[in-house]
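Trainee: Mind looking over this structure? Questions follow.
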Amino acid sequence: MPQPDLVIFDFDGTLVDSEFVAARIEAELITKAGYEITGQELSELYAGLTFKDILLRIEEVSSIPLKASLIDEAEEVVDKRLRAEVRAIEGARSAVAAVAAKRAICSNSRADRVRFMAEKSGLGPLFGEHIYSSLDVVGGKPKPAPDVFLFAARKLDADPAKTFVVEDSVHGIAGAKVAGMRVIGFTGASHSYPGHADVLTEAGAETVIRRWADFPGVLAALTEWSDA
């Protein structure tokens with residue numbers, strides 16, 4: 001059976017149910033700073049972006065200045081909450097373990113945060129050292145830029161055209177597509193919303209799954225199709 005060169009997984013909201021935890025906290029801080037927004041709205045509009053980029057985009061649309069100190073405040077509170085609450089999404093560990101190809105995580109979160117969540121959720125041993133943060137790519141930009149995806153492909157000697165990416169956000173899909181990679185959308189986390197699958201498809205995902213149990217079959221079918 002043909003195999004891809006590499007399978008890259010987004011992390012927050014894809015492998016672990018952390019996206020909505022962070023979104024709730026960030027939304028509360030932004031609302032207190034003068035721009036009213038809910039965690040659900042933050043997830044729908046800005047999932048996949050760094051908190052710094054979220055603040056910059058909100059400043060653009062609202063003309064409300066937001067202090068840079070919100071970033072440090074959010075990081076501290078989110079870290080504390082995630083250490084207590086983070087868990088793998090149902091079926092994620094088995095789905096990743098079933099991938100025979102090389103595997104990596106590519107995230108816009110800090111590498112140390114991803115690593116502690118990966119260890120706490122039992123996912124860490126499945127990736128070893130191949131956990132990459134866009135914040136650590138020298139000269140690179142975070143998603144929706146393709147930099148972290150291309151960095152992972154270089155590290156693992158993989159052809160981007162033979163690499164699959166699993167993403168839950170439009171911004172992540174955009175970066176993967178620019179990198180020349182194929183994308184499977186995922187909508188199985190708590191922050192998912194009505195129409196989420198359609199949004200990911202419109203962004204460029206070849207197909208969208210809601211359950212990790214469906215992933216091995218979908219990956220095999222798409223890999224076969226690419227070699228047809």
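Naming scheme: A, B, ... for chains in displayed order of the structure tokens; residues 1 onward per chain; ligands 1 onward as shown.
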At a cut-off of 8 Å, using only C-alpha atoms, what residues contact segment 42-56 of chain A? Leave out same-chain residues fewer than 6 positions from it and give the result as a list in words.
Mentor: Glu19, Phe20, Ala23, Glu26, Ala27, Leu66, Ala68, Ile71, Asn108, Ser109, Pro142, Lys143, Pro144, Asp168, Ser169, Val170, His171, Gly172, His191 and Tyr193 of chain A
Trainee: Taking C-alpha atoms for each residue, export the selection above as a tab-separated table (two decimals), in the first residue's frame.
Mentor:
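Listing of result_34.tsv after writing:
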chain	number	residue	atom	x	y	z
A	19	GLU	CA	-8.44	25.50	21.31
A	20	PHE	CA	-11.64	26.46	23.07
A	23	ALA	CA	-10.23	31.03	23.17
A	26	GLU	CA	-8.36	35.20	25.43
A	27	ALA	CA	-11.89	36.42	24.70
A	66	LEU	CA	-4.85	46.62	22.89
A	68	ALA	CA	0.94	44.01	24.46
A	71	ILE	CA	-0.09	38.47	25.56
A	108	ASN	CA	1.58	28.16	16.21
A	109	SER	CA	1.77	27.57	19.96
A	142	PRO	CA	3.46	31.77	11.86
A	143	LYS	CA	0.51	30.22	10.05
A	144	PRO	CA	-1.09	31.19	7.67
A	168	ASP	CA	-8.92	22.44	12.07
A	169	SER	CA	-8.51	26.06	10.94
A	170	VAL	CA	-8.72	28.10	7.76
A	171	HIS	CA	-5.40	29.76	8.55
A	172	GLY	CA	-3.64	26.43	9.00
A	191	HIS	CA	-14.70	24.70	19.40
A	193	TYR	CA	-19.38	25.13	15.00
Trainee: Hey, what's within 9 Å of Phe215 of chain A if we count only C-alpha atoms and toss same-chain stuff fewer than 6 positions away? As a list in words, please?
Mentor: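 The filter keeps Ala95, Val96, Ile184 and Ile209 of chain A.
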Trainee: With all heavy atoms retained, write the just-selected residues as a compact mmCIF listing (two decimals), in the first residue's frame.
Mentor:
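The result, stored in again.txt:
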# COMPACT_ATOMS: atom_id res chain seq x y z
N ALA A 95 -5.28 6.94 16.14
CA ALA A 95 -5.19 7.35 14.74
C ALA A 95 -3.76 7.72 14.36
O ALA A 95 -3.27 7.34 13.29
CB ALA A 95 -6.12 8.53 14.49
N VAL A 96 -3.08 8.44 15.24
CA VAL A 96 -1.69 8.81 14.97
C VAL A 96 -0.81 7.57 14.95
O VAL A 96 0.05 7.40 14.07
CB VAL A 96 -1.18 9.82 16.02
CG1 VAL A 96 0.32 10.06 15.84
CG2 VAL A 96 -1.94 11.13 15.92
N ILE A 184 -6.31 17.53 5.05
CA ILE A 184 -7.53 16.92 5.57
C ILE A 184 -8.02 17.81 6.70
O ILE A 184 -7.27 18.12 7.62
CB ILE A 184 -7.27 15.49 6.09
CG1 ILE A 184 -6.80 14.59 4.94
CG2 ILE A 184 -8.52 14.91 6.75
CD1 ILE A 184 -6.26 13.23 5.40
N ILE A 209 -13.00 15.35 8.26
CA ILE A 209 -13.45 14.30 9.16
C ILE A 209 -13.86 14.91 10.50
O ILE A 209 -13.33 15.94 10.91
CB ILE A 209 -12.38 13.21 9.38
CG1 ILE A 209 -11.09 13.81 9.97
CG2 ILE A 209 -12.09 12.47 8.09
CD1 ILE A 209 -10.06 12.79 10.40
Trainee: To test your reading of the structure, identify every residue in segment 4-85 of chain A that backbone DSSP assigns to alpha helix (DSSP H), and report it as a PyMOL selection string.
Mentor: chain A and resi 19-32+39-46+51-62+69-85
Trainee: So, counting only C-alpha atoms, which residue among A:Ala179, A:Leu70, A:Ile64, A:Thr14 is closest to Glu28 of chain A?
Mentor: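 Using only C-alpha atoms, Glu28 of chain A sits closest to A:Leu70.
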Trainee: I need the strand (DSSP E or B) residues of segment 31-207 of chain A per DSSP on the backbone, written as a list in words.
Mentor: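 DSSP-assigned strand (DSSP E or B) residues in segment 31-207 of chain A: Ala88, Lys102, Arg103, Ala104, Ile105, Cys106, Ser107, Ile131, Tyr132, Ser133, Thr163, Phe164, Val165, Val166, Glu167, Arg182, Val183, Ile184, Gly185, Phe186 and Thr207 of chain A.
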